[in-house]
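Containing mmCIF, C-alpha atoms: upload03.cif.
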data_upload
#
loop_
_atom_site.label_atom_id
_atom_site.label_comp_id
_atom_site.auth_asym_id
_atom_site.auth_seq_id
_atom_site.Cartn_x
_atom_site.Cartn_y
_atom_site.Cartn_z
CA MET A 1 -33.47 7.67 -21.60
CA LYS A 2 -30.07 9.33 -21.28
CA LYS A 3 -29.07 12.80 -20.22
CA VAL A 4 -26.09 14.10 -22.17
CA LYS A 5 -24.21 17.09 -20.82
CA VAL A 6 -22.18 18.89 -23.46
CA TYR A 7 -19.48 21.40 -22.48
CA VAL A 8 -18.34 23.79 -25.19
CA THR A 9 -15.28 26.02 -24.80
CA LEU A 10 -13.26 28.22 -27.12
CA ARG A 11 -10.15 26.45 -28.35
CA GLU A 12 -6.91 27.16 -26.50
CA SER A 13 -5.56 29.08 -29.50
CA VAL A 14 -8.57 31.40 -29.60
CA LEU A 15 -8.62 34.53 -27.46
CA ASP A 16 -11.63 34.74 -25.15
CA PRO A 17 -12.38 38.46 -24.65
CA GLN A 18 -15.27 37.68 -22.27
CA GLY A 19 -13.01 35.51 -20.15
CA SER A 20 -10.32 38.22 -20.11
CA ALA A 21 -12.87 40.84 -18.99
CA VAL A 22 -14.06 38.57 -16.18
CA MET A 23 -10.49 37.86 -15.12
CA GLY A 24 -9.83 41.61 -15.03
CA ALA A 25 -12.85 42.04 -12.75
CA LEU A 26 -11.69 39.23 -10.46
CA HIS A 27 -8.23 40.80 -10.26
CA SER A 28 -9.71 44.17 -9.38
CA MET A 29 -11.64 42.38 -6.60
CA ASN A 30 -8.27 41.23 -5.32
CA TYR A 31 -8.46 37.60 -6.47
CA LYS A 32 -5.00 37.97 -7.98
CA GLU A 33 -4.38 34.23 -7.93
CA VAL A 34 -6.72 33.73 -10.91
CA SER A 35 -4.43 33.28 -13.89
CA ASP A 36 -7.01 32.52 -16.60
CA VAL A 37 -10.77 32.52 -17.18
CA ARG A 38 -12.41 30.79 -20.12
CA ILE A 39 -16.15 31.14 -20.69
CA GLY A 40 -18.02 28.40 -22.48
CA LYS A 41 -21.47 26.94 -22.98
CA PHE A 42 -23.28 24.11 -21.31
CA LEU A 43 -25.96 22.15 -23.14
CA GLU A 44 -28.12 19.42 -21.65
CA LEU A 45 -29.76 16.96 -24.03
CA GLN A 46 -32.37 14.34 -23.12
CA ILE A 47 -31.99 11.49 -25.58
CA GLU A 48 -34.45 8.62 -26.03
CA GLU A 49 -33.18 5.08 -26.56
CA SER A 50 -32.86 4.25 -30.25
CA ASP A 51 -31.05 1.81 -32.49
CA ARG A 52 -28.45 4.46 -33.26
CA ASP A 53 -25.22 4.43 -31.31
CA LEU A 54 -25.35 7.19 -28.69
CA ASP A 55 -21.69 8.24 -28.93
CA THR A 56 -21.80 8.44 -32.70
CA THR A 57 -24.99 10.48 -32.61
CA VAL A 58 -23.75 12.89 -29.94
CA LYS A 59 -20.43 13.45 -31.75
CA GLU A 60 -22.28 14.06 -35.00
CA MET A 61 -24.60 16.59 -33.39
CA CYS A 62 -21.68 18.33 -31.71
CA GLU A 63 -19.63 18.59 -34.86
CA LYS A 64 -22.47 19.50 -37.22
CA LEU A 65 -24.41 21.99 -35.15
CA LEU A 66 -23.68 22.34 -31.46
CA THR A 67 -20.09 23.54 -31.89
CA ASN A 68 -18.03 25.22 -34.57
CA THR A 69 -14.85 23.15 -34.56
CA VAL A 70 -12.88 26.01 -36.15
CA ILE A 71 -13.07 27.91 -32.85
CA GLU A 72 -14.53 25.55 -30.26
CA ASP A 73 -13.74 22.32 -28.44
CA TYR A 74 -16.29 20.12 -26.70
CA ARG A 75 -16.56 17.24 -24.30
CA TYR A 76 -19.62 15.46 -22.98
CA GLU A 77 -20.84 13.21 -20.20
CA VAL A 78 -23.65 10.68 -20.35
CA GLU A 79 -25.97 10.02 -17.40
CA GLU A 80 -28.79 7.54 -17.00
CA VAL A 81 -32.12 9.19 -16.34
CA ALA A 82 -33.74 7.10 -13.62
CA GLY A 83 -37.42 6.57 -12.91
CA LYS A 84 -38.86 7.45 -16.28
CA MET B 1 -29.05 40.08 -64.01
CA LYS B 2 -31.38 38.56 -61.44
CA PHE B 3 -30.46 38.49 -57.77
CA ALA B 4 -31.93 36.54 -54.87
CA VAL B 5 -31.92 38.19 -51.45
CA ILE B 6 -32.20 35.35 -48.95
CA VAL B 7 -34.49 36.14 -46.02
CA PHE B 8 -34.08 34.23 -42.76
CA PRO B 9 -36.26 34.81 -39.73
CA GLY B 10 -34.34 37.67 -38.11
CA SER B 11 -32.68 39.09 -41.24
CA ASN B 12 -32.90 42.89 -41.12
CA CYS B 13 -30.74 44.24 -43.93
CA ASP B 14 -32.68 42.49 -46.67
CA LEU B 15 -34.57 45.67 -47.62
CA ASP B 16 -31.35 47.66 -48.03
CA MET B 17 -29.90 44.91 -50.18
CA TYR B 18 -33.06 44.82 -52.31
CA HIS B 19 -33.05 48.61 -52.63
CA ALA B 20 -29.40 48.71 -53.74
CA ILE B 21 -30.06 46.25 -56.56
CA LYS B 22 -33.47 47.40 -57.70
CA ASP B 23 -33.39 51.18 -57.24
CA GLU B 24 -29.70 51.98 -57.52
CA LEU B 25 -28.66 49.50 -60.21
CA GLY B 26 -32.01 48.86 -61.87
CA GLU B 27 -31.39 45.12 -61.92
CA GLU B 28 -33.90 42.37 -61.10
CA VAL B 29 -34.14 41.16 -57.52
CA GLU B 30 -36.46 38.99 -55.44
CA TYR B 31 -36.70 38.09 -51.79
CA VAL B 32 -36.29 34.35 -51.25
CA TRP B 33 -37.58 32.88 -47.98
CA HIS B 34 -35.21 30.49 -46.20
CA ASP B 35 -37.60 27.55 -46.74
CA GLU B 36 -37.35 27.72 -50.53
CA THR B 37 -35.67 24.87 -52.33
CA ASP B 38 -34.82 26.32 -55.75
CA LEU B 39 -32.45 29.10 -56.71
CA SER B 40 -31.91 27.94 -60.28
CA GLY B 41 -33.65 31.01 -61.73
CA PHE B 42 -31.17 33.43 -60.18
CA ASP B 43 -27.81 34.67 -61.41
CA GLY B 44 -26.49 35.82 -58.05
CA VAL B 45 -27.22 35.27 -54.35
CA LEU B 46 -27.11 37.89 -51.59
CA LEU B 47 -27.13 36.88 -47.91
CA PRO B 48 -28.06 39.96 -45.90
CA GLY B 49 -27.19 41.05 -42.40
CA GLY B 50 -29.29 40.80 -39.30
CA PHE B 51 -29.74 38.29 -36.54
CA SER B 52 -30.99 35.15 -38.25
CA TYR B 53 -32.61 32.80 -35.72
CA GLY B 54 -31.79 35.40 -33.08
CA ASP B 55 -28.10 34.44 -33.28
CA TYR B 56 -29.06 31.52 -31.03
CA LEU B 57 -26.26 29.04 -30.33
CA ARG B 58 -23.81 30.91 -32.62
CA CYS B 59 -24.35 33.53 -35.32
CA GLY B 60 -25.37 31.75 -38.50
CA ALA B 61 -25.26 28.27 -36.94
CA ILE B 62 -28.95 27.49 -37.31
CA SER B 63 -29.57 29.35 -40.60
CA ARG B 64 -26.84 27.28 -42.18
CA PHE B 65 -29.17 24.26 -42.01
CA SER B 66 -32.21 25.94 -43.55
CA ASN B 67 -33.51 24.50 -46.82
CA VAL B 68 -32.29 27.30 -49.00
CA MET B 69 -28.69 26.86 -47.89
CA SER B 70 -28.17 23.66 -49.86
CA GLU B 71 -29.28 25.71 -52.89
CA VAL B 72 -26.81 28.45 -51.97
CA VAL B 73 -24.08 25.81 -51.87
CA LYS B 74 -25.18 24.59 -55.31
CA ALA B 75 -25.14 28.15 -56.68
CA ALA B 76 -21.64 28.64 -55.28
CA GLU B 77 -20.46 25.38 -56.79
CA ALA B 78 -21.95 26.42 -60.13
CA GLY B 79 -19.77 29.54 -60.00
CA LYS B 80 -22.55 32.05 -59.42
CA PRO B 81 -21.60 35.11 -57.37
CA VAL B 82 -22.57 34.74 -53.70
CA LEU B 83 -22.21 37.72 -51.36
CA GLY B 84 -22.65 37.45 -47.60
CA VAL B 85 -22.69 40.67 -45.59
CA CYS B 86 -22.37 40.73 -41.80
CA ASN B 87 -24.68 37.95 -40.62
CA GLY B 88 -24.51 36.67 -44.21
CA PHE B 89 -20.72 36.37 -43.80
CA GLN B 90 -21.23 34.46 -40.55
CA VAL B 91 -23.65 32.09 -42.32
CA LEU B 92 -21.11 31.48 -45.12
CA THR B 93 -18.36 30.54 -42.66
CA GLU B 94 -20.72 28.28 -40.69
CA ALA B 95 -21.73 26.62 -43.96
CA GLY B 96 -18.08 26.03 -44.83
CA LEU B 97 -18.29 28.11 -48.02
CA LEU B 98 -15.64 30.41 -46.54
CA PRO B 99 -12.84 29.43 -44.14
CA GLY B 100 -12.50 30.68 -40.55
CA ALA B 101 -15.11 32.03 -38.15
CA LEU B 102 -16.36 35.28 -36.66
CA LEU B 103 -15.78 35.74 -32.94
CA ARG B 104 -17.13 38.23 -30.46
CA ASN B 105 -15.62 41.72 -30.95
CA LYS B 106 -12.45 42.07 -28.92
CA ASN B 107 -13.85 45.00 -26.91
CA LEU B 108 -17.12 43.05 -26.36
CA LYS B 109 -19.14 45.97 -27.75
CA PHE B 110 -21.57 46.18 -30.61
CA MET B 111 -19.82 48.54 -33.05
CA CYS B 112 -22.03 50.72 -35.24
CA ARG B 113 -20.29 53.43 -37.29
CA THR B 114 -18.74 54.14 -40.66
CA VAL B 115 -15.19 52.85 -41.11
CA GLY B 116 -12.47 53.15 -43.72
CA LEU B 117 -11.98 49.95 -45.71
CA LYS B 118 -8.93 49.28 -47.83
CA VAL B 119 -9.49 47.40 -51.08
CA GLU B 120 -6.67 44.84 -50.91
CA ASN B 121 -7.69 42.95 -54.01
CA ASN B 122 -9.54 44.60 -56.89
CA GLU B 123 -9.11 41.65 -59.21
CA THR B 124 -12.32 39.97 -58.09
CA GLN B 125 -15.76 40.03 -59.63
CA PHE B 126 -16.92 41.98 -56.56
CA THR B 127 -14.26 44.70 -56.53
CA SER B 128 -13.21 45.36 -60.14
CA ALA B 129 -14.80 48.83 -60.06
CA TYR B 130 -12.48 49.88 -57.21
CA GLN B 131 -8.79 50.77 -57.35
CA LYS B 132 -6.30 48.56 -55.56
CA GLY B 133 -5.41 50.18 -52.25
CA GLU B 134 -8.39 52.55 -52.46
CA VAL B 135 -9.93 53.42 -49.09
CA ILE B 136 -13.72 53.45 -49.11
CA GLN B 137 -16.15 54.50 -46.37
CA ILE B 138 -18.61 51.77 -45.44
CA PRO B 139 -20.79 51.36 -42.33
CA ILE B 140 -20.31 48.49 -39.91
CA ALA B 141 -22.86 47.23 -37.37
CA HIS B 142 -21.85 44.08 -35.56
CA GLY B 143 -21.05 42.52 -32.20
CA GLU B 144 -19.35 39.44 -33.59
CA GLY B 145 -17.16 40.48 -36.49
CA ASN B 146 -13.78 39.48 -35.16
CA TYR B 147 -12.51 37.30 -38.01
CA TYR B 148 -10.43 34.36 -36.87
CA CYS B 149 -8.69 31.52 -38.67
CA ASP B 150 -5.71 29.32 -37.88
CA GLU B 151 -2.18 30.11 -39.10
CA GLU B 152 -2.34 27.62 -41.94
CA THR B 153 -5.59 29.10 -43.28
CA LEU B 154 -4.20 32.63 -42.96
CA THR B 155 -1.13 31.69 -45.00
CA ARG B 156 -3.39 30.23 -47.67
CA LEU B 157 -5.61 33.33 -47.70
CA LYS B 158 -2.56 35.51 -48.24
CA GLU B 159 -0.98 33.29 -50.88
CA ASN B 160 -4.18 33.17 -52.92
CA ASN B 161 -4.94 36.86 -52.49
CA GLN B 162 -8.21 35.98 -50.75
CA ILE B 163 -8.13 38.91 -48.35
CA VAL B 164 -10.28 41.41 -50.22
CA PHE B 165 -10.95 44.13 -47.62
CA THR B 166 -9.05 45.19 -44.50
CA TYR B 167 -9.86 47.92 -41.97
CA ALA B 168 -7.84 50.93 -43.12
CA SER B 169 -7.04 52.80 -39.94
CA GLU B 170 -8.57 51.44 -36.79
CA ASN B 171 -9.65 47.82 -36.47
CA PRO B 172 -13.10 47.90 -34.83
CA ASN B 173 -13.30 44.26 -33.75
CA GLY B 174 -9.82 42.77 -33.32
CA SER B 175 -9.92 40.63 -36.45
CA ILE B 176 -6.76 38.79 -37.45
CA GLU B 177 -4.60 40.90 -39.86
CA ASP B 178 -7.36 43.58 -39.82
CA ILE B 179 -9.45 41.40 -42.11
CA ALA B 180 -12.87 42.82 -43.01
CA GLY B 181 -13.74 40.62 -45.99
CA ILE B 182 -12.49 37.46 -47.70
CA ILE B 183 -13.25 35.56 -50.87
CA ASN B 184 -13.16 31.82 -51.57
CA GLU B 185 -10.40 30.28 -53.68
CA LYS B 186 -12.59 30.08 -56.74
CA GLY B 187 -13.34 33.80 -56.46
CA ASN B 188 -17.14 33.70 -56.51
CA VAL B 189 -18.06 33.74 -52.80
CA LEU B 190 -17.34 36.94 -50.85
CA GLY B 191 -18.02 37.47 -47.17
CA MET B 192 -17.58 40.81 -45.43
CA MET B 193 -18.61 42.38 -42.13
CA PRO B 194 -19.14 45.98 -43.40
CA HIS B 195 -22.38 46.83 -45.19
CA PRO B 196 -21.92 48.05 -48.79
CA GLU B 197 -25.71 48.08 -49.23
CA ARG B 198 -25.93 50.76 -46.55
CA ALA B 199 -23.68 53.00 -48.62
CA ALA B 200 -25.51 52.84 -51.93
CA ASN B 201 -26.67 56.45 -52.28
CA ASP B 202 -25.37 59.78 -50.98
CA ILE B 203 -28.67 60.33 -49.20
CA MET B 204 -27.65 57.40 -46.93
CA GLY B 205 -24.45 59.22 -46.01
CA GLY B 206 -22.28 57.69 -48.69
CA SER B 207 -22.28 55.71 -51.91
CA ASP B 208 -18.92 53.94 -51.77
CA GLY B 209 -20.63 50.54 -51.54
CA LEU B 210 -22.39 50.81 -54.86
CA ALA B 211 -19.29 49.96 -56.90
CA LEU B 212 -19.28 46.50 -55.31
CA PHE B 213 -22.70 45.68 -56.77
CA LYS B 214 -21.77 47.35 -60.05
CA SER B 215 -18.69 45.12 -60.26
CA ILE B 216 -20.82 41.99 -59.90
CA VAL B 217 -23.22 43.09 -62.65
CA LYS B 218 -20.40 44.18 -64.96
CA GLN B 219 -18.65 40.80 -64.65
CA TRP B 220 -21.91 38.95 -65.23
CA ARG B 221 -22.77 41.02 -68.33
CA GLU B 222 -19.29 40.53 -69.79
CA SER B 223 -19.24 36.78 -69.28
CA HIS B 224 -22.76 36.38 -70.62
CA VAL B 225 -22.21 38.55 -73.69
CA ASN B 226 -19.08 36.55 -74.52
CA HIS B 227 -20.91 33.27 -74.17
CA ALA B 228 -23.92 34.37 -76.19
#
Since I need it in another form, could you write the structure as structure tokens?
Amino acid sequence: MKKVKVYVTLRESVLDPQGSAVMGALHSMNYKEVSDVRIGKFLELQIEESDRDLDTTVKEMCEKLLTNTVIEDYRYEVEEVAGK
Amino acid sequence: MKFAVIVFPGSNCDLDMYHAIKDELGEEVEYVWHDETDLSGFDGVLLPGGFSYGDYLRCGAISRFSNVMSEVVKAAEAGKPVLGVCNGFQVLTEAGLLPGALLRNKNLKFMCRTVGLKVENNETQFTSAYQKGEVIQIPIAHGEGNYYCDEETLTRLKENNQIVFTYASENPNGSIEDIAGIINEKGNVLGMMPHPERAANDIMGGSDGLALFKSIVKQWRESHVNHA
């Protein structure tokens, strides 16, 4: 069993109004050193062993459903799930 | 002409769409549940607004994989008119039937009011009953209607006259080039954030949306009389 952590963020070229609002709040709280805030999503998938290649499967899932590649980028990490 | 109104779990403008076709135009219309696998008996497809699958993950992301969507793709490929309004527009972009994507409104608010829409292109089967440059009053109701596409796509949209509607005075969501609605290259798939079906009778506060549905029917009648 593997645990796959997928991080989804808006692409650099896409404005992130939520991130801008949060940065505005941080600035008003006097954290002026914050120069950018980007808000994204975090997905955690538990994946059983199978004869399919894990990387291929994860990329497929990310590009078909989990992200919209027109506006989002993703990266992921794979962890072993111990003791199960 | 027989229309299908696709119903996803969470659609909520399906009744208005049905009403516009049946009661205002007197054409045939049926609700089609998202699990259905055959749209061959229909001449046109309407994807209504709402919050299909609760907008989980992204608006339209999950609906795009429902059974009926492969039929919607087939209908679009066959040249049948396909109209996506609001959430329907989001589904069409997720499905790749229209380019670009809809982002969160720039002001982060759900915008619900009537706006002025400029008809940029009246040479489509959806807008032939309007004048070019005409400003019509149509309600909007969305939190994620901020149309986005990359530069290259935008250039292509402009070159092919695919921008059909823009916001006339104030842009409610921050969309690129004030875009409110676009059509595919072939000219048979239209997606728009504003709700023409909510402006189908004066009793609803306006009837400027009706001409859109009338245009579709007119085009269909003309092409089918010619081919008969």
One decimal, in Å: what's the spacing between CA of Val5 in chain B and CA of Gly44 in chain B?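 Computed distance, CA of Val5 in chain B to CA of Gly44 in chain B, equals 8.9 Å.
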Extract, using only C-alpha atoms, all DNA, RNA and protein residues at most 9 Å from Glu49 in chain A, discarding same-chain residues fewer than 4 positions from it, and format them as a list in words.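 Neighbouring residues, sequence-local ones excluded: Met1, Lys2 and Leu54 of chain A.
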When you get a sec, could you note down which chain B residues fall within 8 Å of chain A, using only C-alpha atoms, as a list in words?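 Matching residues, ligands excluded from the count: Leu57, Ala61, Ile62, Glu94, Gly100, Ala101, Arg104, Asn105, Lys106, Asn107, Leu108 and Cys149 of chain B.
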Run the PyMOL selection byres ((chain B and resi 176) around 10) against the file shown and list the residues it catches, as a list in words. Asn146, Tyr147, Tyr148, Cys149, Asp150, Glu151, Leu154, Thr166, Asn171, Asn173, Gly174, Ser175, Glu177, Asp178, Ile179 and Ala180 of chain B
Next, the residues of the selection above should be written as a PDB file, in the coordinates of the input with C-alpha atoms.
ATOM      1  CA  ASN B 146     -13.780  39.480 -35.160  1.00  0.00           C
ATOM      2  CA  TYR B 147     -12.510  37.300 -38.010  1.00  0.00           C
ATOM      3  CA  TYR B 148     -10.430  34.360 -36.870  1.00  0.00           C
ATOM      4  CA  CYS B 149      -8.690  31.520 -38.670  1.00  0.00           C
ATOM      5  CA  ASP B 150      -5.710  29.320 -37.880  1.00  0.00           C
ATOM      6  CA  GLU B 151      -2.180  30.110 -39.100  1.00  0.00           C
ATOM      7  CA  LEU B 154      -4.200  32.630 -42.960  1.00  0.00           C
ATOM      8  CA  THR B 166      -9.050  45.190 -44.500  1.00  0.00           C
ATOM      9  CA  ASN B 171      -9.650  47.820 -36.470  1.00  0.00           C
ATOM     10  CA  ASN B 173     -13.300  44.260 -33.750  1.00  0.00           C
ATOM     11  CA  GLY B 174      -9.820  42.770 -33.320  1.00  0.00           C
ATOM     12  CA  SER B 175      -9.920  40.630 -36.450  1.00  0.00           C
ATOM     13  CA  GLU B 177      -4.600  40.900 -39.860  1.00  0.00           C
ATOM     14  CA  ASP B 178      -7.360  43.580 -39.820  1.00  0.00           C
ATOM     15  CA  ILE B 179      -9.450  41.400 -42.110  1.00  0.00           C
ATOM     16  CA  ALA B 180     -12.870  42.820 -43.010  1.00  0.00           C
TER      17      ALA B 180
END
Minimum-distance residue to Asp35 in chain B, chosen among B:Ile21, B:Leu15, B:Ile203, B:Met69 (using only C-alpha atoms):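 That would be B:Met69, the residue with the smallest distance to Asp35 in chain B.
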May I ask you to restore N, CA and C atoms in range 85-103 of chain B and write the result as a PDB file, keeping the file's coordinate frame?
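And here is the file that came out, result19.pdb:
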ATOM      1  N   VAL B  85     -23.067  39.462 -46.323  1.00  0.00           N
ATOM      2  CA  VAL B  85     -22.690  40.670 -45.590  1.00  0.00           C
ATOM      3  C   VAL B  85     -23.071  40.505 -44.128  1.00  0.00           C
ATOM      4  N   CYS B  86     -22.126  40.751 -43.246  1.00  0.00           N
ATOM      5  CA  CYS B  86     -22.370  40.730 -41.800  1.00  0.00           C
ATOM      6  C   CYS B  86     -22.901  39.358 -41.369  1.00  0.00           C
ATOM      7  N   ASN B  87     -24.154  39.264 -40.981  1.00  0.00           N
ATOM      8  CA  ASN B  87     -24.680  37.950 -40.620  1.00  0.00           C
ATOM      9  C   ASN B  87     -24.566  36.977 -41.806  1.00  0.00           C
ATOM     10  N   GLY B  88     -24.672  37.509 -43.014  1.00  0.00           N
ATOM     11  CA  GLY B  88     -24.510  36.670 -44.210  1.00  0.00           C
ATOM     12  C   GLY B  88     -23.104  36.074 -44.279  1.00  0.00           C
ATOM     13  N   PHE B  89     -22.102  36.837 -43.856  1.00  0.00           N
ATOM     14  CA  PHE B  89     -20.720  36.370 -43.800  1.00  0.00           C
ATOM     15  C   PHE B  89     -20.623  35.254 -42.756  1.00  0.00           C
ATOM     16  N   GLN B  90     -21.258  35.473 -41.617  1.00  0.00           N
ATOM     17  CA  GLN B  90     -21.230  34.460 -40.550  1.00  0.00           C
ATOM     18  C   GLN B  90     -21.878  33.157 -41.036  1.00  0.00           C
ATOM     19  N   VAL B  91     -22.977  33.285 -41.785  1.00  0.00           N
ATOM     20  CA  VAL B  91     -23.650  32.090 -42.320  1.00  0.00           C
ATOM     21  C   VAL B  91     -22.715  31.352 -43.288  1.00  0.00           C
ATOM     22  N   LEU B  92     -22.011  32.110 -44.138  1.00  0.00           N
ATOM     23  CA  LEU B  92     -21.110  31.480 -45.120  1.00  0.00           C
ATOM     24  C   LEU B  92     -19.964  30.736 -44.450  1.00  0.00           C
ATOM     25  N   THR B  93     -19.444  31.265 -43.337  1.00  0.00           N
ATOM     26  CA  THR B  93     -18.360  30.540 -42.660  1.00  0.00           C
ATOM     27  C   THR B  93     -18.924  29.307 -41.959  1.00  0.00           C
ATOM     28  N   GLU B  94     -20.100  29.442 -41.346  1.00  0.00           N
ATOM     29  CA  GLU B  94     -20.720  28.280 -40.690  1.00  0.00           C
ATOM     30  C   GLU B  94     -21.001  27.178 -41.713  1.00  0.00           C
ATOM     31  N   ALA B  95     -21.392  27.598 -42.921  1.00  0.00           N
ATOM     32  CA  ALA B  95     -21.730  26.620 -43.960  1.00  0.00           C
ATOM     33  C   ALA B  95     -20.475  26.029 -44.612  1.00  0.00           C
ATOM     34  N   GLY B  96     -19.318  26.561 -44.261  1.00  0.00           N
ATOM     35  CA  GLY B  96     -18.080  26.030 -44.830  1.00  0.00           C
ATOM     36  C   GLY B  96     -17.791  26.549 -46.231  1.00  0.00           C
ATOM     37  N   LEU B  97     -18.553  27.544 -46.688  1.00  0.00           N
ATOM     38  CA  LEU B  97     -18.290  28.110 -48.020  1.00  0.00           C
ATOM     39  C   LEU B  97     -17.109  29.083 -47.956  1.00  0.00           C
ATOM     40  N   LEU B  98     -16.826  29.583 -46.763  1.00  0.00           N
ATOM     41  CA  LEU B  98     -15.640  30.410 -46.540  1.00  0.00           C
ATOM     42  C   LEU B  98     -14.920  29.872 -45.309  1.00  0.00           C
ATOM     43  N   PRO B  99     -13.582  29.959 -45.285  1.00  0.00           N
ATOM     44  CA  PRO B  99     -12.840  29.430 -44.140  1.00  0.00           C
ATOM     45  C   PRO B  99     -12.903  30.378 -42.939  1.00  0.00           C
ATOM     46  N   GLY B 100     -12.576  29.855 -41.751  1.00  0.00           N
ATOM     47  CA  GLY B 100     -12.500  30.680 -40.550  1.00  0.00           C
ATOM     48  C   GLY B 100     -13.837  30.843 -39.861  1.00  0.00           C
ATOM     49  N   ALA B 101     -13.887  31.789 -38.926  1.00  0.00           N
ATOM     50  CA  ALA B 101     -15.110  32.030 -38.150  1.00  0.00           C
ATOM     51  C   ALA B 101     -15.095  33.458 -37.638  1.00  0.00           C
ATOM     52  N   LEU B 102     -16.257  33.936 -37.214  1.00  0.00           N
ATOM     53  CA  LEU B 102     -16.360  35.280 -36.660  1.00  0.00           C
ATOM     54  C   LEU B 102     -16.599  35.184 -35.165  1.00  0.00           C
ATOM     55  N   LEU B 103     -15.682  35.777 -34.401  1.00  0.00           N
ATOM     56  CA  LEU B 103     -15.780  35.740 -32.940  1.00  0.00           C
ATOM     57  C   LEU B 103     -16.370  37.049 -32.431  1.00  0.00           C
TER      58      LEU B 103
END
